[in-house]
$ cat work_31.csv   # CSV, C-alpha atoms
chain,number,residue,atom,x,y,z
A,1,MET,CA,87.5,108.7,117.0
A,2,THR,CA,86.4,106.7,114.0
A,3,ARG,CA,89.3,107.3,111.7
A,4,LEU,CA,93.1,107.3,112.2
A,5,LYS,CA,95.3,109.7,110.4
A,6,SER,CA,98.9,108.9,109.7
A,7,ILE,CA,101.8,111.4,109.1
A,8,SER,CA,104.3,110.6,106.4
A,9,TYR,CA,108.1,110.8,106.8
A,10,ASP,CA,108.2,114.0,104.7
A,11,GLU,CA,105.5,115.7,106.8
A,12,LEU,CA,107.3,114.9,110.1
A,13,GLU,CA,109.7,117.5,111.4
A,14,VAL,CA,112.1,117.5,114.4
A,15,GLY,CA,109.7,118.7,117.1
A,16,THR,CA,106.5,117.1,115.8
A,17,THR,CA,104.6,115.8,118.8
A,18,GLY,CA,101.7,113.4,119.4
A,19,SER,CA,100.1,112.1,122.6
A,20,PHE,CA,97.8,109.4,123.9
A,21,SER,CA,96.2,109.2,127.3
A,22,LYS,CA,94.6,106.3,129.2
A,23,THR,CA,93.4,105.8,132.8
A,24,LEU,CA,94.4,102.4,134.3
A,25,GLY,CA,91.3,100.4,135.4
A,26,GLU,CA,91.1,97.1,137.2
A,27,ARG,CA,89.9,95.8,133.8
A,28,ASP,CA,93.1,96.8,132.1
A,29,ILE,CA,95.3,94.9,134.5
A,30,VAL,CA,93.2,91.8,134.1
A,31,LEU,CA,93.2,92.0,130.3
A,32,TYR,CA,96.9,92.6,130.2
A,33,ALA,CA,97.6,89.7,132.5
A,34,GLU,CA,95.4,87.4,130.4
A,35,THR,CA,97.0,88.3,127.0
A,36,SER,CA,100.6,88.4,128.3
A,37,GLY,CA,100.3,85.4,130.7
A,38,ASP,CA,101.9,87.6,133.4
A,39,ASN,CA,100.0,86.7,136.6
A,40,ASN,CA,102.7,88.0,139.0
A,41,PRO,CA,100.8,88.6,142.3
A,42,LEU,CA,102.3,92.1,142.5
A,43,HIS,CA,99.5,93.1,140.1
A,44,PHE,CA,96.6,91.2,141.8
A,45,ASP,CA,97.2,90.3,145.4
A,46,GLU,CA,97.0,93.4,147.6
A,47,ASP,CA,98.3,91.6,150.7
A,48,TYR,CA,101.4,90.4,148.8
A,49,ALA,CA,101.9,93.7,147.0
A,50,SER,CA,101.6,95.8,150.2
A,51,GLN,CA,104.6,94.0,151.6
A,52,THR,CA,106.8,95.0,148.6
A,53,MET,CA,108.6,98.3,148.1
A,54,PHE,CA,105.6,99.4,146.0
A,55,LYS,CA,103.2,99.2,149.1
A,56,GLY,CA,100.3,98.0,147.0
A,57,ARG,CA,99.2,96.6,143.6
A,58,ILE,CA,100.8,98.2,140.5
A,59,ALA,CA,100.3,98.0,136.8
A,60,HIS,CA,102.6,95.7,134.7
A,61,GLY,CA,105.5,98.0,133.5
A,62,MET,CA,104.9,96.8,130.0
A,63,TRP,CA,101.3,98.0,130.1
A,64,SER,CA,102.5,101.5,130.7
A,65,ALA,CA,105.2,101.1,128.0
A,66,GLY,CA,102.5,99.9,125.6
A,67,LEU,CA,100.9,103.4,125.6
A,68,ILE,CA,104.0,104.5,123.7
A,69,SER,CA,103.4,101.9,121.1
A,70,THR,CA,99.7,102.8,120.9
A,71,CYS,CA,100.7,106.4,120.3
A,72,ILE,CA,103.1,105.4,117.5
A,73,GLY,CA,100.5,103.1,115.9
A,74,THR,CA,97.4,105.3,116.1
A,75,VAL,CA,98.6,109.0,116.6
A,76,MET,CA,102.1,109.8,115.5
A,77,PRO,CA,103.2,108.8,113.0
A,78,GLY,CA,100.1,106.5,113.0
A,79,PRO,CA,99.0,103.5,110.8
A,80,GLY,CA,101.6,102.4,108.3
A,81,SER,CA,104.5,103.0,110.7
A,82,ILE,CA,107.1,100.2,111.1
A,83,TYR,CA,108.3,99.9,114.7
A,84,MET,CA,112.0,99.1,114.6
A,85,GLY,CA,113.0,99.5,118.3
A,86,GLN,CA,112.4,100.9,121.7
A,87,ALA,CA,114.4,101.8,124.7
A,88,LEU,CA,112.5,101.7,128.0
A,89,VAL,CA,113.5,103.0,131.5
A,90,PHE,CA,110.9,102.2,134.1
A,91,LYS,CA,110.9,105.2,136.6
A,92,PHE,CA,107.8,105.2,138.7
A,93,PRO,CA,105.0,102.7,139.6
A,94,VAL,CA,101.4,103.1,138.3
A,95,LYS,CA,98.3,102.4,140.4
A,96,ILE,CA,94.7,101.8,139.5
A,97,GLY,CA,93.0,105.1,138.7
A,98,ASP,CA,96.2,106.8,137.5
A,99,THR,CA,95.9,108.6,134.1
A,100,LEU,CA,98.9,108.2,132.0
A,101,THR,CA,99.8,110.3,129.0
A,102,ALA,CA,102.4,109.2,126.5
A,103,THR,CA,104.0,112.2,124.8
A,104,LEU,CA,106.1,111.5,121.7
A,105,THR,CA,108.4,114.1,120.0
A,106,VAL,CA,110.4,113.5,116.9
A,107,LYS,CA,114.1,114.2,117.8
A,108,GLN,CA,115.9,113.1,114.6
A,109,LYS,CA,115.2,112.3,111.0
A,110,LEU,CA,117.5,109.7,109.4
A,111,GLU,CA,117.4,110.2,105.6
A,112,LYS,CA,119.1,107.0,104.8
A,113,ARG,CA,116.4,104.6,105.9
A,114,LYS,CA,113.7,107.3,106.0
A,115,SER,CA,113.3,106.6,109.7
A,116,VAL,CA,112.9,108.8,112.8
A,117,VAL,CA,114.1,108.7,116.4
A,118,ILE,CA,111.3,109.7,118.7
A,119,ASP,CA,111.7,110.8,122.3
A,120,CYS,CA,109.0,109.0,124.4
A,121,GLN,CA,107.8,110.1,127.8
A,122,VAL,CA,104.9,108.6,129.8
A,123,ARG,CA,103.8,110.7,132.7
A,124,ASN,CA,101.0,110.3,135.3
A,125,GLN,CA,98.3,112.8,136.3
A,126,ASP,CA,100.8,114.5,138.6
A,127,GLY,CA,103.4,115.0,135.8
A,128,LYS,CA,105.6,112.3,137.3
A,129,LEU,CA,107.7,110.5,134.7
A,130,VAL,CA,106.6,106.8,134.6
A,131,VAL,CA,108.5,105.4,131.6
A,132,CYS,CA,110.8,107.0,129.0
A,133,GLY,CA,113.1,106.1,126.2
A,134,ASP,CA,113.7,106.5,122.5
A,135,ALA,CA,111.7,104.8,119.8
A,136,LYS,CA,113.0,104.1,116.3
A,137,VAL,CA,110.3,104.1,113.7
A,138,ILE,CA,109.9,104.1,109.9
A,139,PRO,CA,106.9,106.3,109.2
A,140,PRO,CA,104.6,105.7,106.3
A,141,SER,CA,105.9,107.1,103.0
A,142,LEU,CA,102.5,108.6,102.3
A,143,SER,CA,100.0,110.0,104.8
A,144,ALA,CA,96.6,108.4,104.9
A,145,GLU,CA,93.3,108.3,106.7
A,146,ILE,CA,92.1,104.9,107.7
A,147,GLU,CA,88.9,103.6,109.3
A,148,VAL,CA,89.2,102.3,112.8
A,149,PRO,CA,88.3,98.7,113.2
A,150,LYS,CA,85.5,97.9,115.6
A,151,LEU,CA,86.6,95.5,118.4
A,152,PRO,CA,84.3,92.9,119.9
A,153,LEU,CA,82.7,93.4,123.3
A,154,ILE,CA,84.7,92.0,126.2
A,155,GLN,CA,83.1,90.9,129.5
A,156,ILE,CA,85.0,90.1,132.7
A,157,ASP,CA,83.4,88.1,135.4
A,158,GLY,CA,82.7,90.3,138.4
A,159,LEU,CA,83.7,93.5,136.7
A,160,GLU,CA,81.7,96.2,135.0
B,1,MET,CA,101.4,76.0,137.6
B,2,THR,CA,99.8,77.1,140.9
B,3,ARG,CA,102.9,78.6,142.5
B,4,LEU,CA,105.6,80.9,141.3
B,5,LYS,CA,109.2,80.5,142.4
B,6,SER,CA,111.6,83.4,142.5
B,7,ILE,CA,115.4,83.3,142.2
B,8,SER,CA,117.4,85.7,144.4
B,9,TYR,CA,120.3,87.8,143.3
B,10,ASP,CA,122.8,85.6,145.1
B,11,GLU,CA,121.4,82.4,143.5
B,12,LEU,CA,121.6,83.9,139.9
B,13,GLU,CA,124.7,83.2,138.0
B,14,VAL,CA,126.0,84.5,134.6
B,15,GLY,CA,124.4,81.9,132.3
B,16,THR,CA,121.2,81.3,134.4
B,17,THR,CA,118.3,81.0,132.0
B,18,GLY,CA,114.5,80.9,132.0
B,19,SER,CA,111.9,80.8,129.3
B,20,PHE,CA,108.2,81.4,128.8
B,21,SER,CA,106.1,80.3,125.8
B,22,LYS,CA,102.8,81.4,124.4
B,23,THR,CA,100.8,80.9,121.2
B,24,LEU,CA,99.2,84.0,119.8
B,25,GLY,CA,95.4,83.6,119.5
B,26,GLU,CA,92.8,86.0,118.0
B,27,ARG,CA,91.8,86.4,121.6
B,28,ASP,CA,95.2,87.8,122.6
B,29,ILE,CA,95.2,90.4,119.9
B,30,VAL,CA,91.7,91.6,120.9
B,31,LEU,CA,92.6,91.7,124.6
B,32,TYR,CA,95.9,93.5,124.0
B,33,ALA,CA,94.2,96.1,121.8
B,34,GLU,CA,91.5,96.7,124.4
B,35,THR,CA,93.9,97.1,127.3
B,36,SER,CA,96.4,99.3,125.3
B,37,GLY,CA,93.9,101.2,123.3
B,38,ASP,CA,95.9,100.3,120.1
B,39,ASN,CA,93.3,99.6,117.5
B,40,ASN,CA,95.6,100.1,114.5
B,41,PRO,CA,93.9,98.2,111.6
B,42,LEU,CA,97.2,96.4,110.9
B,43,HIS,CA,96.2,94.1,113.8
B,44,PHE,CA,92.5,93.6,112.8
B,45,ASP,CA,91.7,94.4,109.2
B,46,GLU,CA,92.9,91.7,106.9
B,47,ASP,CA,92.2,93.7,103.7
B,48,TYR,CA,94.2,96.7,105.0
B,49,ALA,CA,97.0,94.5,106.4
B,50,SER,CA,97.4,92.5,103.2
B,51,GLN,CA,98.3,95.7,101.4
B,52,THR,CA,101.2,96.4,103.8
B,53,MET,CA,104.7,95.0,103.8
B,54,PHE,CA,103.5,92.4,106.3
B,55,LYS,CA,101.0,90.9,103.8
B,56,GLY,CA,98.5,90.2,106.5
B,57,ARG,CA,97.4,90.9,110.1
B,58,ILE,CA,100.2,90.8,112.7
B,59,ALA,CA,100.5,91.0,116.4
B,60,HIS,CA,101.2,94.3,118.2
B,61,GLY,CA,105.0,94.4,118.6
B,62,MET,CA,104.6,95.2,122.3
B,63,TRP,CA,102.6,92.0,122.8
B,64,SER,CA,105.6,90.0,121.8
B,65,ALA,CA,107.9,92.1,123.9
B,66,GLY,CA,105.5,91.6,126.8
B,67,LEU,CA,106.5,87.9,126.9
B,68,ILE,CA,110.0,89.1,128.1
B,69,SER,CA,108.4,90.9,130.9
B,70,THR,CA,106.2,87.9,131.7
B,71,CYS,CA,109.3,85.7,131.9
B,72,ILE,CA,111.0,88.2,134.2
B,73,GLY,CA,107.9,88.5,136.5
B,74,THR,CA,107.0,84.9,136.7
B,75,VAL,CA,110.0,82.7,135.8
B,76,MET,CA,113.4,84.3,136.0
B,77,PRO,CA,114.1,86.0,138.4
B,78,GLY,CA,110.4,85.8,139.2
B,79,PRO,CA,108.1,87.6,141.7
B,80,GLY,CA,109.9,90.3,143.7
B,81,SER,CA,112.0,91.4,140.8
B,82,ILE,CA,112.1,95.2,140.0
B,83,TYR,CA,112.1,95.9,136.3
B,84,MET,CA,114.5,98.8,135.7
B,85,GLY,CA,114.7,98.9,131.9
B,86,GLN,CA,114.5,97.1,128.6
B,87,ALA,CA,115.9,97.5,125.1
B,88,LEU,CA,113.8,96.2,122.3
B,89,VAL,CA,114.6,95.5,118.7
B,90,PHE,CA,111.7,94.3,116.6
B,91,LYS,CA,113.0,91.9,114.0
B,92,PHE,CA,110.2,89.8,112.6
B,93,PRO,CA,106.4,89.9,112.5
B,94,VAL,CA,104.1,87.5,114.4
B,95,LYS,CA,101.0,86.0,113.0
B,96,ILE,CA,98.0,84.3,114.7
B,97,GLY,CA,98.9,80.7,115.5
B,98,ASP,CA,102.6,81.5,116.0
B,99,THR,CA,104.2,80.1,119.2
B,100,LEU,CA,106.7,82.4,120.7
B,101,THR,CA,109.3,81.5,123.3
B,102,ALA,CA,111.0,84.2,125.3
B,103,THR,CA,114.4,82.9,126.5
B,104,LEU,CA,116.3,85.0,129.0
B,105,THR,CA,119.9,84.5,130.1
B,106,VAL,CA,121.7,86.4,132.8
B,107,LYS,CA,124.8,88.1,131.1
B,108,GLN,CA,126.1,90.3,133.9
B,109,LYS,CA,125.7,90.7,137.7
B,110,LEU,CA,126.2,94.3,138.9
B,111,GLU,CA,127.2,94.1,142.6
B,112,LYS,CA,126.7,97.8,143.3
B,113,ARG,CA,122.9,97.8,143.0
B,114,LYS,CA,122.5,94.0,143.2
B,115,SER,CA,121.1,94.2,139.7
B,116,VAL,CA,121.5,91.9,136.6
B,117,VAL,CA,121.6,92.5,132.9
B,118,ILE,CA,119.6,89.8,131.1
B,119,ASP,CA,119.9,88.9,127.4
B,120,CYS,CA,116.4,88.5,126.1
B,121,GLN,CA,115.4,86.7,122.8
B,122,VAL,CA,111.9,86.0,121.7
B,123,ARG,CA,111.8,83.4,118.8
B,124,ASN,CA,108.9,81.9,116.9
B,125,GLN,CA,108.2,78.1,116.3
B,126,ASP,CA,110.7,78.2,113.4
B,127,GLY,CA,113.5,79.6,115.6
B,128,LYS,CA,113.2,83.0,113.9
B,129,LEU,CA,114.2,85.9,116.1
B,130,VAL,CA,111.1,88.1,116.7
B,131,VAL,CA,112.3,90.6,119.4
B,132,CYS,CA,115.5,90.9,121.3
B,133,GLY,CA,117.3,93.2,123.7
B,134,ASP,CA,118.8,93.5,127.1
B,135,ALA,CA,116.7,93.9,130.3
B,136,LYS,CA,118.0,95.5,133.5
B,137,VAL,CA,116.4,93.9,136.6
B,138,ILE,CA,116.9,94.0,140.4
B,139,PRO,CA,116.1,90.4,141.5
B,140,PRO,CA,114.6,89.7,144.9
B,141,SER,CA,117.1,89.7,147.7
B,142,LEU,CA,115.5,86.4,149.0
B,143,SER,CA,114.0,83.6,146.9
B,144,ALA,CA,110.4,82.7,147.6
B,145,GLU,CA,107.5,80.6,146.5
B,146,ILE,CA,104.3,82.5,146.0
B,147,GLU,CA,100.7,81.4,145.2
B,148,VAL,CA,99.5,82.4,141.7
B,149,PRO,CA,96.4,84.6,141.9
B,150,LYS,CA,93.3,83.3,140.1
B,151,LEU,CA,92.2,85.7,137.3
B,152,PRO,CA,88.5,86.3,136.6
B,153,LEU,CA,87.0,84.7,133.5
B,154,ILE,CA,87.0,86.8,130.3
B,155,GLN,CA,84.5,86.4,127.5
B,156,ILE,CA,84.8,88.0,124.1
B,157,ASP,CA,81.7,88.4,121.9
B,158,GLY,CA,82.0,86.0,118.9
B,159,LEU,CA,85.1,84.2,120.1
B,160,GLU,CA,85.5,80.9,122.0
$ encode --input "work_31.csv" --output "structure tokens"
Amino acid sequence: MTRLKSISYDELEVGTTGSFSKTLGERDIVLYAETSGDNNPLHFDEDYASQTMFKGRIAHGMWSAGLISTCIGTVMPGPGSIYMGQALVFKFPVKIGDTLTATLTVKQKLEKRKSVVIDCQVRNQDGKLVVCGDAKVIPPSLSAEIEVPKLPLIQIDGLE
Amino acid sequence: MTRLKSISYDELEVGTTGSFSKTLGERDIVLYAETSGDNNPLHFDEDYASQTMFKGRIAHGMWSAGLISTCIGTVMPGPGSIYMGQALVFKFPVKIGDTLTATLTVKQKLEKRKSVVIDCQVRNQDGKLVVCGDAKVIPPSLSAEIEVPKLPLIQIDGLE
């Protein structure tokens, strides 16, 4: 994908959907911990994590929730959206190798502020609900197509 | 900090607080985009971002919200906590160089599930509220002191 398309408020309908998928790699856990400062051993120390109710290392819950935000900012409604709020319920843990899909569906259009309420569900490869909750977003007033910025290469010691 | 201390449900009181601070670097935006897949140009392309209502590049909203999660997982209640849910209201944009502080305060103890409701506020260096909302957390049943895992070095092309 080299360009992102946004969907304007007028183009969105109740029922409009969008989705974004990503598979959790070791790399993603390390990068999330570094950027967030969250080095809780539950995400890194298999010995420690295996003694918890999760029986092993899991992703940061906010990493999974972030896929909702990614879907809003890059898929539906896409660039130009203003993110007003998000409810999150964490339902199921995520392990390395899990493929998550955030599926977003417009459930309400609020004319007054030209905002939308979006139902958000993140499920794993088995269809198990991982995170869910409503988002409140002001979509762009005009749709547009925008070039995707190229990100610099990132190397992690000891990882591919 | 080489060890993390957790606070058990019994030790927490209404009014118990904890905080976590971080300054947003270019590096953090790149790492967050890479791990989340969110390459919305609002976070990277100054020309594009300067034409939006934000008048320049801003952090991903979920990056700022993530500091709440970091505070829960590493400060209060700390490791062993189970993150049940989070409400988020995005109030104010964050620019590179801003120092954010997430301040969490226990507002309710729910005996039935031994869970707590935590008021969460993330403010910038000027005291401006950036993100807020309640978290629902099951704190560990016993307090503990746990060694912080060492994360691998990360290098980004063209950045210090």
$ residues_around --input "work_31.csv" --residues "Asp119 in chain B" --least-positions-apart "4" --cutoff "6 Å" --atoms "only C-alpha atoms" --output "PyMOL selection string"
chain B and resi 104-105+134
$ interface_residues --input "work_31.csv" --of "chain B" --to "chain A" --cutoff "7 Å" --atoms "only C-alpha atoms" --output "number ranges by chain"
B: 28, 30-32, 35-41, 44-45, 62-63, 66-67, 69-70, 73-74, 79, 83-90, 148-149, 151-157
$ write_last_selection --input "work_31.csv" --atoms "C-alpha atoms" --output "PDB file, in the frame of the given file"
ATOM      1  CA  ASP B  28      95.200  87.800 122.600  1.00  0.00           C
ATOM      2  CA  VAL B  30      91.700  91.600 120.900  1.00  0.00           C
ATOM      3  CA  LEU B  31      92.600  91.700 124.600  1.00  0.00           C
ATOM      4  CA  TYR B  32      95.900  93.500 124.000  1.00  0.00           C
ATOM      5  CA  THR B  35      93.900  97.100 127.300  1.00  0.00           C
ATOM      6  CA  SER B  36      96.400  99.300 125.300  1.00  0.00           C
ATOM      7  CA  GLY B  37      93.900 101.200 123.300  1.00  0.00           C
ATOM      8  CA  ASP B  38      95.900 100.300 120.100  1.00  0.00           C
ATOM      9  CA  ASN B  39      93.300  99.600 117.500  1.00  0.00           C
ATOM     10  CA  ASN B  40      95.600 100.100 114.500  1.00  0.00           C
ATOM     11  CA  PRO B  41      93.900  98.200 111.600  1.00  0.00           C
ATOM     12  CA  PHE B  44      92.500  93.600 112.800  1.00  0.00           C
ATOM     13  CA  ASP B  45      91.700  94.400 109.200  1.00  0.00           C
ATOM     14  CA  MET B  62     104.600  95.200 122.300  1.00  0.00           C
ATOM     15  CA  TRP B  63     102.600  92.000 122.800  1.00  0.00           C
ATOM     16  CA  GLY B  66     105.500  91.600 126.800  1.00  0.00           C
ATOM     17  CA  LEU B  67     106.500  87.900 126.900  1.00  0.00           C
ATOM     18  CA  SER B  69     108.400  90.900 130.900  1.00  0.00           C
ATOM     19  CA  THR B  70     106.200  87.900 131.700  1.00  0.00           C
ATOM     20  CA  GLY B  73     107.900  88.500 136.500  1.00  0.00           C
ATOM     21  CA  THR B  74     107.000  84.900 136.700  1.00  0.00           C
ATOM     22  CA  PRO B  79     108.100  87.600 141.700  1.00  0.00           C
ATOM     23  CA  TYR B  83     112.100  95.900 136.300  1.00  0.00           C
ATOM     24  CA  MET B  84     114.500  98.800 135.700  1.00  0.00           C
ATOM     25  CA  GLY B  85     114.700  98.900 131.900  1.00  0.00           C
ATOM     26  CA  GLN B  86     114.500  97.100 128.600  1.00  0.00           C
ATOM     27  CA  ALA B  87     115.900  97.500 125.100  1.00  0.00           C
ATOM     28  CA  LEU B  88     113.800  96.200 122.300  1.00  0.00           C
ATOM     29  CA  VAL B  89     114.600  95.500 118.700  1.00  0.00           C
ATOM     30  CA  PHE B  90     111.700  94.300 116.600  1.00  0.00           C
ATOM     31  CA  VAL B 148      99.500  82.400 141.700  1.00  0.00           C
ATOM     32  CA  PRO B 149      96.400  84.600 141.900  1.00  0.00           C
ATOM     33  CA  LEU B 151      92.200  85.700 137.300  1.00  0.00           C
ATOM     34  CA  PRO B 152      88.500  86.300 136.600  1.00  0.00           C
ATOM     35  CA  LEU B 153      87.000  84.700 133.500  1.00  0.00           C
ATOM     36  CA  ILE B 154      87.000  86.800 130.300  1.00  0.00           C
ATOM     37  CA  GLN B 155      84.500  86.400 127.500  1.00  0.00           C
ATOM     38  CA  ILE B 156      84.800  88.000 124.100  1.00  0.00           C
ATOM     39  CA  ASP B 157      81.700  88.400 121.900  1.00  0.00           C
TER      40      ASP B 157
END
$ atom_distance --input "work_31.csv" --atom1 "CA of Gly127 in chain A" --atom2 "CA of Ile96 in chain A"
16.2 Å
$ closest_residue --input "work_31.csv" --among "A:Gly97, A:Ser8, A:Ile138, A:Ala59" --to "Val116 in chain A" --atoms "only C-alpha atoms"
A:Ile138
$ atom_distance --input "work_31.csv" --atom1 "CA of Arg57 in chain B" --atom2 "CA of Asn124 in chain B"
16.1 Å
$ atom_distance --input "work_31.csv" --atom1 "CA of Ser141 in chain A" --atom2 "CA of Arg113 in chain A"
11.2 Å
$ residues_around --input "work_31.csv" --residues "Ala144 in chain B" --least-positions-apart "2" --cutoff "7 Å" --atoms "only C-alpha atoms" --output "PDB file with C-alpha atoms, in the coordinates of the input"
ATOM      1  CA  LYS B   5     109.200  80.500 142.400  1.00  0.00           C
ATOM      2  CA  SER B   6     111.600  83.400 142.500  1.00  0.00           C
ATOM      3  CA  LEU B 142     115.500  86.400 149.000  1.00  0.00           C
ATOM      4  CA  ILE B 146     104.300  82.500 146.000  1.00  0.00           C
TER       5      ILE B 146
END
$ build_atoms --input "work_31.csv" --residues "range 103-111 of chain B" --atoms "all heavy atoms" --output "compact mmCIF listing (two decimals), in the coordinates of the input"
# COMPACT_ATOMS: atom_id res chain seq x y z
N THR B 103 113.34 83.57 125.72
CA THR B 103 114.40 82.90 126.50
C THR B 103 115.34 84.00 127.02
O THR B 103 115.83 84.85 126.29
CB THR B 103 115.22 81.97 125.55
OG1 THR B 103 114.32 81.01 125.00
CG2 THR B 103 116.31 81.24 126.33
N LEU B 104 115.51 83.96 128.33
CA LEU B 104 116.30 85.00 129.00
C LEU B 104 117.52 84.35 129.64
O LEU B 104 117.43 83.26 130.22
CB LEU B 104 115.42 85.63 130.13
CG LEU B 104 114.48 86.78 129.71
CD1 LEU B 104 113.55 86.36 128.58
CD2 LEU B 104 113.70 87.29 130.90
N THR B 105 118.64 85.03 129.54
CA THR B 105 119.90 84.50 130.10
C THR B 105 120.64 85.65 130.79
O THR B 105 120.85 86.71 130.20
CB THR B 105 120.80 83.99 128.92
OG1 THR B 105 120.03 83.11 128.09
CG2 THR B 105 122.02 83.27 129.45
N VAL B 106 120.99 85.41 132.03
CA VAL B 106 121.70 86.40 132.80
C VAL B 106 123.11 86.60 132.12
O VAL B 106 123.84 85.63 131.91
CB VAL B 106 121.94 86.00 134.26
CG1 VAL B 106 122.82 87.01 135.00
CG2 VAL B 106 120.59 85.87 134.96
N LYS B 107 123.45 87.85 131.75
CA LYS B 107 124.80 88.10 131.10
C LYS B 107 125.72 88.85 132.00
O LYS B 107 126.91 88.85 131.74
CB LYS B 107 124.62 88.68 129.72
CG LYS B 107 123.91 90.00 129.64
CD LYS B 107 123.61 90.39 128.18
CE LYS B 107 124.75 91.15 127.53
NZ LYS B 107 124.32 91.76 126.23
N GLN B 108 125.20 89.47 133.04
CA GLN B 108 126.10 90.30 133.90
C GLN B 108 125.42 90.46 135.26
O GLN B 108 124.19 90.62 135.35
CB GLN B 108 126.21 91.67 133.24
CG GLN B 108 127.55 92.34 133.42
CD GLN B 108 127.59 93.69 132.72
OE1 GLN B 108 126.76 94.00 131.86
NE2 GLN B 108 128.55 94.51 133.10
N LYS B 109 126.23 90.40 136.32
CA LYS B 109 125.70 90.70 137.70
C LYS B 109 126.45 92.01 138.10
O LYS B 109 127.67 92.10 138.02
CB LYS B 109 126.07 89.59 138.66
CG LYS B 109 125.25 88.32 138.43
CD LYS B 109 125.55 87.25 139.48
CE LYS B 109 124.86 87.54 140.80
NZ LYS B 109 125.00 86.41 141.78
N LEU B 110 125.67 92.98 138.54
CA LEU B 110 126.20 94.30 138.90
C LEU B 110 126.11 94.42 140.43
O LEU B 110 125.03 94.71 140.96
CB LEU B 110 125.48 95.41 138.20
CG LEU B 110 125.46 95.29 136.66
CD1 LEU B 110 124.43 96.23 136.04
CD2 LEU B 110 126.83 95.55 136.06
N GLU B 111 127.23 94.18 141.12
CA GLU B 111 127.20 94.10 142.60
C GLU B 111 126.69 95.38 143.26
O GLU B 111 126.00 95.31 144.26
CB GLU B 111 128.63 93.82 143.12
CG GLU B 111 129.09 92.37 142.93
CD GLU B 111 128.25 91.37 143.74
OE1 GLU B 111 127.76 91.71 144.82
OE2 GLU B 111 128.07 90.23 143.25
